[in-house]
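Chemist: You'll find structure.pdb just under this line, and it carries PDB, C-alpha atoms and all ligand atoms.
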MODEL        1
ATOM      1  CA  MET L1339      -2.258  -4.896  12.654
ATOM      2  CA  ASP L1340       0.342  -2.624  14.256
ATOM      3  CA  VAL L1341       3.204  -1.893  11.863
ATOM      4  CA  SER L1342       5.767   0.841  11.519
ATOM      5  CA  PHE L1343       4.764   3.730   9.342
ATOM      6  CA  GLU L1344       6.229   6.400  11.638
ATOM      7  CA  VAL L1345       9.287   6.479   9.389
ATOM      8  CA  ARG L1346      10.894   9.133   7.240
ATOM      9  CA  ALA L1347       9.062   9.806   4.008
ATOM     10  CA  GLU L1348      12.315   9.281   2.146
ATOM     11  CA  ALA L1349      12.704   5.767   3.642
ATOM     12  CA  TYR L1350       9.157   4.881   2.575
ATOM     13  CA  GLY L1351       9.883   6.176  -0.922
ATOM     14  CA  ARG L1352      12.952   3.972  -1.261
ATOM     15  CA  PHE L1353      11.063   0.933   0.031
ATOM     16  CA  MET L1354       7.411   0.847  -1.060
ATOM     17  CA  GLY L1355       7.356   4.040  -3.128
ATOM     18  CA  ARG L1356       9.297   2.216  -5.836
ATOM     19  CA  TYR L1357       6.144   0.175  -6.422
ATOM     20  CA  SER L1358       3.298   2.362  -5.213
ATOM     21  CA  GLU L1359       4.217   5.362  -7.405
ATOM     22  CA  PRO L1360       3.745   3.418 -10.683
ATOM     23  CA  LEU L1361       0.729   1.575  -9.253
ATOM     24  CA  ALA L1362      -1.148   4.842  -8.584
ATOM     25  CA  GLY L1363      -1.848   5.665 -12.243
ATOM     26  CA  ARG L1364      -3.185   2.199 -12.972
ATOM     27  CA  PHE L1365      -5.336   2.254  -9.835
ATOM     28  CA  ALA L1366      -6.798   5.715 -10.579
ATOM     29  CA  THR L1367      -7.621   4.612 -14.132
ATOM     30  CA  PHE L1368      -9.331   1.434 -12.890
ATOM     31  CA  ALA L1369     -11.368   3.541 -10.433
ATOM     32  CA  GLY L1370     -12.403   5.836 -13.308
ATOM     33  CA  VAL L1371     -11.039   9.026 -11.719
ATOM     34  CA  VAL L1372     -11.918  12.032 -13.890
ATOM     35  CA  PRO L1373     -11.593  15.820 -13.460
ATOM     36  CA  GLY L1374     -14.406  17.960 -12.093
ATOM     37  CA  ARG L1375     -15.099  15.719  -9.079
ATOM     38  CA  ARG L1376     -13.793  15.392  -5.515
ATOM     39  CA  ALA L1377     -11.546  12.601  -4.275
ATOM     40  CA  LEU L1378     -10.267  11.332  -0.922
ATOM     41  CA  ASP L1379      -6.983   9.411  -0.636
ATOM     42  CA  VAL L1380      -7.317   7.151   2.436
ATOM     43  CA  GLY L1381      -3.959   6.102   3.928
ATOM     44  CA  CYS L1382      -2.114   8.485   1.638
ATOM     45  CA  GLY L1383       1.348   7.651   3.002
ATOM     46  CA  THR L1384       3.806  10.010   1.349
ATOM     47  CA  GLY L1385       1.395  10.826  -1.480
ATOM     48  CA  ALA L1386       1.907   8.302  -4.293
ATOM     49  CA  LEU L1387      -1.806   8.267  -5.125
ATOM     50  CA  THR L1388      -2.354  11.878  -3.988
ATOM     51  CA  SER L1389       0.067  12.930  -6.715
ATOM     52  CA  GLU L1390      -1.925  11.086  -9.369
ATOM     53  CA  LEU L1391      -5.217  12.561  -8.106
ATOM     54  CA  VAL L1392      -3.796  16.102  -8.078
ATOM     55  CA  GLU L1393      -2.566  15.667 -11.634
ATOM     56  CA  ARG L1394      -5.967  14.458 -12.823
ATOM     57  CA  MET L1395      -8.282  16.676 -10.724
ATOM     58  CA  GLY L1396      -6.318  19.632  -9.314
ATOM     59  CA  ALA L1397      -5.177  20.057  -5.688
ATOM     60  CA  GLU L1398      -8.350  21.837  -4.549
ATOM     61  CA  ALA L1399     -10.431  18.752  -5.457
ATOM     62  CA  VAL L1400      -8.305  16.354  -3.402
ATOM     63  CA  SER L1401      -8.283  15.466   0.321
ATOM     64  CA  ALA L1402      -6.003  12.940   2.005
ATOM     65  CA  ILE L1403      -5.757  11.262   5.412
ATOM     66  CA  ASP L1404      -3.195   9.056   7.158
ATOM     67  CA  PRO L1405      -2.651   8.044  10.815
ATOM     68  CA  SER L1406       1.130   8.558  10.566
ATOM     69  CA  ASP L1407       2.290  12.010  11.721
ATOM     70  CA  ALA L1408       5.430  11.738   9.599
ATOM     71  CA  PHE L1409       3.466  10.958   6.432
ATOM     72  CA  VAL L1410       0.849  13.663   7.036
ATOM     73  CA  ALA L1411       3.649  16.223   7.425
ATOM     74  CA  ALA L1412       5.436  15.007   4.283
ATOM     75  CA  THR L1413       2.272  14.982   2.165
ATOM     76  CA  ARG L1414       1.294  18.486   3.343
ATOM     77  CA  ILE L1415       4.688  19.822   2.268
ATOM     78  CA  ARG L1416       4.582  17.976  -1.043
ATOM     79  CA  PHE L1417       1.039  19.178  -1.920
ATOM     80  CA  PRO L1418       0.351  22.567  -0.244
ATOM     81  CA  GLY L1419      -3.096  22.895  -1.865
ATOM     82  CA  VAL L1420      -4.369  19.513  -0.671
ATOM     83  CA  ASP L1421      -6.423  19.150   2.532
ATOM     84  CA  VAL L1422      -4.288  16.591   4.413
ATOM     85  CA  ARG L1423      -5.462  15.384   7.840
ATOM     86  CA  ARG L1424      -4.272  12.907  10.456
ATOM     87  CA  ALA L1425      -6.978  10.237  10.736
ATOM     88  CA  SER L1426      -7.813   6.577  10.192
ATOM     89  CA  ALA L1427     -10.129   4.997   7.651
ATOM     90  CA  GLU L1428     -12.373   3.699  10.411
ATOM     91  CA  ARG L1429     -13.135   7.259  11.653
ATOM     92  CA  LEU L1430     -12.911   9.661   8.736
ATOM     93  CA  PRO L1431     -13.128  13.346   9.725
ATOM     94  CA  PHE L1432     -15.626  14.276   6.995
ATOM     95  CA  SER L1433     -19.396  14.649   6.709
ATOM     96  CA  GLU L1434     -21.505  12.220   4.747
ATOM     97  CA  GLU L1435     -21.601  12.156   0.931
ATOM     98  CA  VAL L1436     -18.705  14.579   0.306
ATOM     99  CA  PHE L1437     -16.560  12.714  -2.238
ATOM    100  CA  ASP L1438     -17.123  11.222  -5.698
ATOM    101  CA  PHE L1439     -14.091   8.928  -5.392
ATOM    102  CA  THR L1440     -12.781   7.491  -2.114
ATOM    103  CA  LEU L1441      -9.678   5.395  -2.648
ATOM    104  CA  ALA L1442      -7.336   3.351  -0.461
ATOM    105  CA  GLN L1443      -4.134   2.211  -2.182
ATOM    106  CA  LEU L1444      -2.279  -0.525  -0.236
ATOM    107  CA  VAL L1445      -4.081   0.283   3.025
ATOM    108  CA  VAL L1446      -6.947  -2.175   3.696
ATOM    109  CA  HIS L1447      -4.521  -4.863   4.947
ATOM    110  CA  PHE L1448      -3.254  -2.458   7.639
ATOM    111  CA  MET L1449      -6.671  -1.328   8.902
ATOM    112  CA  GLN L1450      -7.633  -2.450  12.413
ATOM    113  CA  ASP L1451     -11.114  -3.206  11.073
ATOM    114  CA  PRO L1452     -11.216  -3.389   7.246
ATOM    115  CA  VAL L1453     -15.022  -3.646   6.966
ATOM    116  CA  ALA L1454     -15.483  -0.655   9.282
ATOM    117  CA  GLY L1455     -12.881   1.261   7.258
ATOM    118  CA  LEU L1456     -14.596   0.513   3.933
ATOM    119  CA  HIS L1457     -17.957   1.298   5.507
ATOM    120  CA  ASP L1458     -16.765   4.725   6.612
ATOM    121  CA  MET L1459     -15.230   5.290   3.157
ATOM    122  CA  ALA L1460     -18.717   4.592   1.743
ATOM    123  CA  ARG L1461     -20.306   6.977   4.265
ATOM    124  CA  VAL L1462     -18.253   9.960   3.049
ATOM    125  CA  THR L1463     -18.906   9.075  -0.624
ATOM    126  CA  ARG L1464     -21.926  10.497  -2.435
ATOM    127  CA  PRO L1465     -24.673   8.035  -3.538
ATOM    128  CA  GLY L1466     -23.522   6.273  -6.692
ATOM    129  CA  GLY L1467     -19.931   7.369  -6.084
ATOM    130  CA  VAL L1468     -16.924   5.052  -6.207
ATOM    131  CA  VAL L1469     -15.086   3.374  -3.340
ATOM    132  CA  ALA L1470     -11.876   1.655  -4.475
ATOM    133  CA  ALA L1471      -9.096  -0.303  -2.791
ATOM    134  CA  CYS L1472      -6.086  -2.363  -3.779
ATOM    135  CA  VAL L1473      -3.778  -4.724  -1.888
ATOM    136  CA  TRP L1474      -0.712  -6.617  -3.115
ATOM    137  CA  ASP L1475      -1.294 -10.275  -3.985
ATOM    138  CA  HIS L1476       0.834 -11.456  -1.069
ATOM    139  CA  ALA L1477      -1.049 -14.768  -0.774
ATOM    140  CA  GLY L1478      -0.640 -15.578  -4.475
ATOM    141  CA  GLY L1479       3.109 -14.938  -4.396
ATOM    142  CA  ARG L1480       2.888 -12.025  -6.810
ATOM    143  CA  GLY L1481       3.508  -9.112  -4.426
ATOM    144  CA  PRO L1482       6.691  -7.026  -4.476
ATOM    145  CA  LEU L1483       8.028  -8.677  -1.308
ATOM    146  CA  THR L1484       7.575 -12.311  -2.340
ATOM    147  CA  VAL L1485      11.284 -13.152  -2.558
ATOM    148  CA  PHE L1486      11.919 -11.517   0.816
ATOM    149  CA  TRP L1487       9.162 -13.468   2.600
ATOM    150  CA  HIS L1488      10.229 -16.717   0.874
ATOM    151  CA  ALA L1489      13.710 -16.239   2.287
ATOM    152  CA  VAL L1490      12.325 -15.395   5.730
ATOM    153  CA  LEU L1491      10.130 -18.513   5.813
ATOM    154  CA  ASP L1492      13.036 -20.704   4.644
ATOM    155  CA  LEU L1493      14.994 -19.600   7.717
ATOM    156  CA  ASP L1494      12.131 -19.044  10.175
ATOM    157  CA  PRO L1495       9.095 -21.206   9.259
ATOM    158  CA  HIS L1496       7.016 -19.684  12.086
ATOM    159  CA  ALA L1497       7.427 -16.082  10.909
ATOM    160  CA  HIS L1498       4.282 -14.180   9.916
ATOM    161  CA  ASP L1499       4.470 -13.053   6.329
ATOM    162  CA  GLU L1500       1.780 -10.768   4.873
ATOM    163  CA  SER L1501      -0.227 -13.471   3.072
ATOM    164  CA  GLN L1502      -2.877 -13.707   5.790
ATOM    165  CA  LEU L1503      -3.689 -10.000   5.781
ATOM    166  CA  ALA L1504      -7.041  -8.619   4.667
ATOM    167  CA  GLY L1505      -7.439  -8.291   0.917
ATOM    168  CA  ALA L1506      -4.142 -10.010   0.117
ATOM    169  CA  ARG L1507      -5.735 -13.105  -1.457
ATOM    170  CA  GLU L1508      -7.926 -13.522  -4.515
ATOM    171  CA  GLY L1509     -11.551 -12.559  -3.906
ATOM    172  CA  HIS L1510     -11.112 -11.267  -0.375
ATOM    173  CA  LEU L1511     -11.415  -7.566  -1.230
ATOM    174  CA  THR L1512     -14.729  -8.390  -2.926
ATOM    175  CA  GLU L1513     -15.947 -10.126   0.241
ATOM    176  CA  LEU L1514     -14.975  -7.089   2.313
ATOM    177  CA  PHE L1515     -16.740  -4.725  -0.120
ATOM    178  CA  VAL L1516     -19.929  -6.811   0.091
ATOM    179  CA  ALA L1517     -19.739  -6.807   3.897
ATOM    180  CA  ALA L1518     -19.334  -3.013   3.826
ATOM    181  CA  GLY L1519     -22.580  -2.670   1.821
ATOM    182  CA  LEU L1520     -21.096  -1.648  -1.548
ATOM    183  CA  ARG L1521     -22.702  -2.687  -4.832
ATOM    184  CA  ASP L1522     -21.789  -3.057  -8.548
ATOM    185  CA  ILE L1523     -18.478  -4.522  -7.399
ATOM    186  CA  GLU L1524     -15.715  -5.198  -9.933
ATOM    187  CA  SER L1525     -12.221  -6.574  -9.404
ATOM    188  CA  THR L1526      -9.045  -6.838 -11.425
ATOM    189  CA  MET L1527      -5.324  -7.335 -11.018
ATOM    190  CA  LEU L1528      -2.937  -4.415 -11.529
ATOM    191  CA  THR L1529       0.730  -5.074 -12.308
ATOM    192  CA  VAL L1530       3.824  -2.862 -12.128
ATOM    193  CA  GLN L1531       7.493  -3.459 -12.856
ATOM    194  CA  THR L1532      10.485  -2.017 -11.052
ATOM    195  CA  ARG L1533      14.198  -2.381 -11.805
ATOM    196  CA  PHE L1534      16.957  -2.219  -9.163
ATOM    197  CA  ARG L1535      20.439  -1.728 -10.588
ATOM    198  CA  THR L1536      22.042  -4.126  -8.115
ATOM    199  CA  PHE L1537      21.144  -6.577  -5.353
ATOM    200  CA  GLU L1538      22.357  -4.031  -2.763
ATOM    201  CA  GLU L1539      19.931  -1.443  -4.107
ATOM    202  CA  TRP L1540      17.145  -4.053  -3.726
ATOM    203  CA  TRP L1541      18.175  -5.161  -0.195
ATOM    204  CA  GLU L1542      19.001  -1.847   1.485
ATOM    205  CA  PRO L1543      15.370  -0.583   1.745
ATOM    206  CA  PHE L1544      14.458  -3.654   3.825
ATOM    207  CA  THR L1545      16.825  -2.340   6.526
ATOM    208  CA  LEU L1546      14.974   0.982   6.887
ATOM    209  CA  GLY L1547      12.273  -0.285   9.262
ATOM    210  CA  VAL L1548       9.286   0.331   6.969
ATOM    211  CA  GLY L1549       6.163  -1.838   7.306
ATOM    212  CA  PRO L1550       6.032  -5.509   8.397
ATOM    213  CA  ALA L1551       9.146  -6.468   6.376
ATOM    214  CA  GLY L1552      11.141  -3.597   7.857
ATOM    215  CA  ASP L1553       9.902  -4.485  11.352
ATOM    216  CA  TYR L1554      11.025  -8.075  10.799
ATOM    217  CA  VAL L1555      14.546  -7.119   9.707
ATOM    218  CA  ARG L1556      14.896  -4.631  12.586
ATOM    219  CA  GLY L1557      14.094  -7.459  15.010
ATOM    220  CA  LEU L1558      17.035  -9.629  13.834
ATOM    221  CA  ASP L1559      20.511  -9.583  15.340
ATOM    222  CA  THR L1560      23.453  -8.890  12.994
ATOM    223  CA  GLU L1561      24.173 -12.537  12.296
ATOM    224  CA  ARG L1562      20.578 -13.457  11.414
ATOM    225  CA  ARG L1563      20.223 -10.327   9.338
ATOM    226  CA  LEU L1564      23.268 -11.317   7.277
ATOM    227  CA  GLU L1565      21.915 -14.846   6.931
ATOM    228  CA  LEU L1566      18.615 -13.455   5.614
ATOM    229  CA  ARG L1567      20.403 -11.095   3.259
ATOM    230  CA  ASP L1568      22.428 -14.006   1.858
ATOM    231  CA  ARG L1569      19.323 -16.169   1.477
ATOM    232  CA  CYS L1570      17.592 -13.375  -0.460
ATOM    233  CA  ALA L1571      20.682 -12.996  -2.670
ATOM    234  CA  SER L1572      20.622 -16.716  -3.453
ATOM    235  CA  LEU L1573      17.046 -16.390  -4.748
ATOM    236  CA  LEU L1574      17.828 -13.469  -7.076
ATOM    237  CA  PRO L1575      20.106 -13.029 -10.111
ATOM    238  CA  GLN L1576      23.758 -13.248  -9.035
ATOM    239  CA  GLN L1577      24.764 -10.396 -11.348
ATOM    240  CA  GLY L1578      23.170  -7.434 -13.050
ATOM    241  CA  PRO L1579      19.877  -5.736 -12.299
ATOM    242  CA  VAL L1580      17.041  -7.140 -10.197
ATOM    243  CA  ASP L1581      13.693  -6.836 -11.977
ATOM    244  CA  VAL L1582      10.596  -7.144  -9.801
ATOM    245  CA  THR L1583       7.092  -7.616 -11.153
ATOM    246  CA  ALA L1584       4.434  -6.849  -8.548
ATOM    247  CA  SER L1585       0.678  -7.385  -8.782
ATOM    248  CA  ALA L1586      -2.153  -6.098  -6.635
ATOM    249  CA  TRP L1587      -5.798  -7.082  -6.367
ATOM    250  CA  ALA L1588      -7.964  -4.032  -6.994
ATOM    251  CA  THR L1589     -11.682  -3.696  -6.337
ATOM    252  CA  ILE L1590     -14.216  -0.929  -6.928
ATOM    253  CA  GLY L1591     -17.775  -0.658  -5.694
ATOM    254  CA  ARG L1592     -20.513   1.977  -5.719
ATOM    255  CA  THR L1593     -22.369   3.412  -2.785
ATOM    256  CA  PRO L1594     -26.127   2.665  -2.693
TER     257      PRO L1594
HETATM  258  C1  LIG L1601       1.767   0.621   2.340
HETATM  259  S1  LIG L1601       1.377   2.233   2.894
HETATM  260  C2  LIG L1601       0.492   2.891   1.467
HETATM  261  C3  LIG L1601       0.654   4.381   1.352
HETATM  262  C4  LIG L1601       0.166   4.993   0.035
HETATM  263  N1  LIG L1601      -1.253   4.812  -0.118
HETATM  264  C5  LIG L1601       0.920   4.410  -1.124
HETATM  265  O1  LIG L1601       0.289   3.780  -1.977
HETATM  266  O2  LIG L1601       2.137   4.560  -1.180
HETATM  267  C6  LIG L1601       0.088   1.966   4.058
HETATM  268  C7  LIG L1601      -0.436   3.255   4.649
HETATM  269  O3  LIG L1601      -1.637   2.986   5.375
HETATM  270  C8  LIG L1601      -1.630   3.800   6.515
HETATM  271  N2  LIG L1601      -2.586   3.217   7.470
HETATM  272  C9  LIG L1601      -2.383   2.229   8.374
HETATM  273  N3  LIG L1601      -3.525   1.958   9.039
HETATM  274  C10 LIG L1601      -4.473   2.794   8.522
HETATM  275  C11 LIG L1601      -5.865   2.998   8.798
HETATM  276  N4  LIG L1601      -6.507   2.294   9.728
HETATM  277  N5  LIG L1601      -6.520   3.942   8.106
HETATM  278  C12 LIG L1601      -5.884   4.657   7.141
HETATM  279  N6  LIG L1601      -4.569   4.495   6.838
HETATM  280  C13 LIG L1601      -3.878   3.575   7.520
HETATM  281  C14 LIG L1601      -0.185   3.811   6.971
HETATM  282  O4  LIG L1601       0.108   4.876   7.857
HETATM  283  C15 LIG L1601       0.521   3.936   5.624
HETATM  284  O5  LIG L1601       0.705   5.266   5.246
ENDMDL
END
As structure tokens, how would this structure be written, given the file I've shared?
Ligand SMILES: C[S@@+](CC[C@H](N)C(=O)[O-])C[C@H]1O[C@@H](n2cnc3c(N)ncnc32)[C@H](O)[C@@H]1O

Modeler:
Amino acid sequence: MDVSFEVRAEAYGRFMGRYSEPLAGRFATFAGVVPGRRALDVGCGTGALTSELVERMGAEAVSAIDPSDAFVAATRIRFPGVDVRRASAERLPFSEEVFDFTLAQLVVHFMQDPVAGLHDMARVTRPGGVVAACVWDHAGGRGPLTVFWHAVLDLDPHAHDESQLAGAREGHLTELFVAAGLRDIESTMLTVQTRFRTFEEWWEPFTLGVGPAGDYVRGLDTERRLELRDRCASLLPQQGPVDVTASAWATIGRTP
């Protein structure tokens, strides 16, 4: 699907970074990332997972790709020792069998062709190496944007939320991994918690134009935007902090 990720790194950080930064450690642990190996971060964004990989393995052992120019530039600045390239999962600019761990955190649902993307991730992974991916449980109502999309669908029942996207429902990542030829497949659910001090701090990132939710808000006129904001507020605590629990399906598989 075509969504907006040509946004400032800082905007991404305020929107999805609040969740993807804490998710990265859990995801790397589930994938079994250990020092002394090489890893590729596919769809690195602004480097939430790259950071975790660098901490565990050292910058020289880590490569990262993303199709967004803005994110590639931001990740290069943030991690000068990491090999960061502009590319897509479906056409990775690496030879075969280079990496021990090839990981895609919150990316499969944005790939034009998820099976082709996972297949190319397997191609660049050494035999017996690990391919791993995770996607928010949008279909199960446990993603970080569940309240937002509930409010949207209350007001606009024909809107497209993210529940139909690849990997966003139970078992679907496993199906995609099988189709991509991976074996010894295991899945789990990873959960993170984030606290916003106020409703405004929760709402404001939706207005920054990041991802499908940001695209949706950008497409509303002022009146409908206010209506959506008010509907979201009615679904959240009226006072005090907003605590969000967000869960992602995570799957690992090994290359034959
Ligand atoms: C939700 S962000 C996740 C970024 C980062 N992995 C994180 O956890 O914060 C989705 C990322 O996938 C990237 N992306 C979209 N389509 C892609 C594709 N076909 N191959 C690789 N990355 C893609 C976007 O540019 C964006 O950086």

Chemist: Applied to the shown file, which residues does the PyMOL selection byres (((not hetatm)) within 6 of (chain L and resi 1601)) return, written as a PyMOL selection string?

Modeler: chain L and resi 1343+1355+1358+1380-1383+1386-1387+1404-1406+1426-1427+1443-1445+1448-1450

Chemist: So that I have them on file, write out the residues from the current selection with C-alpha atoms, as a tab-separated table (two decimals), in the coordinates of the input.

Modeler:
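Wrote result.tsv, looks like this:
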chain	number	residue	atom	x	y	z
L	1343	PHE	CA	4.76	3.73	9.34
L	1355	GLY	CA	7.36	4.04	-3.13
L	1358	SER	CA	3.30	2.36	-5.21
L	1380	VAL	CA	-7.32	7.15	2.44
L	1381	GLY	CA	-3.96	6.10	3.93
L	1382	CYS	CA	-2.11	8.48	1.64
L	1383	GLY	CA	1.35	7.65	3.00
L	1386	ALA	CA	1.91	8.30	-4.29
L	1387	LEU	CA	-1.81	8.27	-5.12
L	1404	ASP	CA	-3.20	9.06	7.16
L	1405	PRO	CA	-2.65	8.04	10.82
L	1406	SER	CA	1.13	8.56	10.57
L	1426	SER	CA	-7.81	6.58	10.19
L	1427	ALA	CA	-10.13	5.00	7.65
L	1443	GLN	CA	-4.13	2.21	-2.18
L	1444	LEU	CA	-2.28	-0.52	-0.24
L	1445	VAL	CA	-4.08	0.28	3.02
L	1448	PHE	CA	-3.25	-2.46	7.64
L	1449	MET	CA	-6.67	-1.33	8.90
L	1450	GLN	CA	-7.63	-2.45	12.41

Chemist: Taking 6 positions as the minimum chain separation for residues in the same chain, which residues sit within 9 Å of Val1485 (chain L) when counting all atoms listed in the file? Answer as an MDAnalysis selection string.

Modeler: chainID L and resid 1479 1570 1573:1574

Chemist: Evaluating the PyMOL selection byres (((chain L and resi 1470) around 7) and not hetatm) on the displayed file yields which residues, as a list in words?

Modeler: Ala1369, Thr1440, Leu1441, Ala1442, Val1468, Val1469, Ala1471, Thr1589, Ile1590 and Gly1591 of chain L

Chemist: So the first atom is CA of Val1420 (chain L) and the second is CA of Thr1367 (chain L); what is the distance between them in Å, to one decimal place?

Modeler: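 The value is 20.3 Å.
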
Chemist: Given the file above and the PyMOL selection byres (((chain L and resi 1463) around 12) and not hetatm), which residues are selected, and can you give them as a PyMOL selection string?

Modeler: chain L and resi 1375-1379+1430+1432-1441+1456-1462+1464-1470+1520+1591-1594

Chemist: For Asp1475 (chain L), which residue among L:Gln1577, L:Thr1560, L:Ser1585, L:Thr1413 is the nearest when counting all atoms listed in the file?

Modeler: L:Ser1585

Chemist: Given all atoms listed in the file as the basis, pick out the residue of L:Ala1412, L:Ala1347, L:Ala1454, L:Ala1586 nearest to Gly1478 (chain L).

Modeler: L:Ala1586
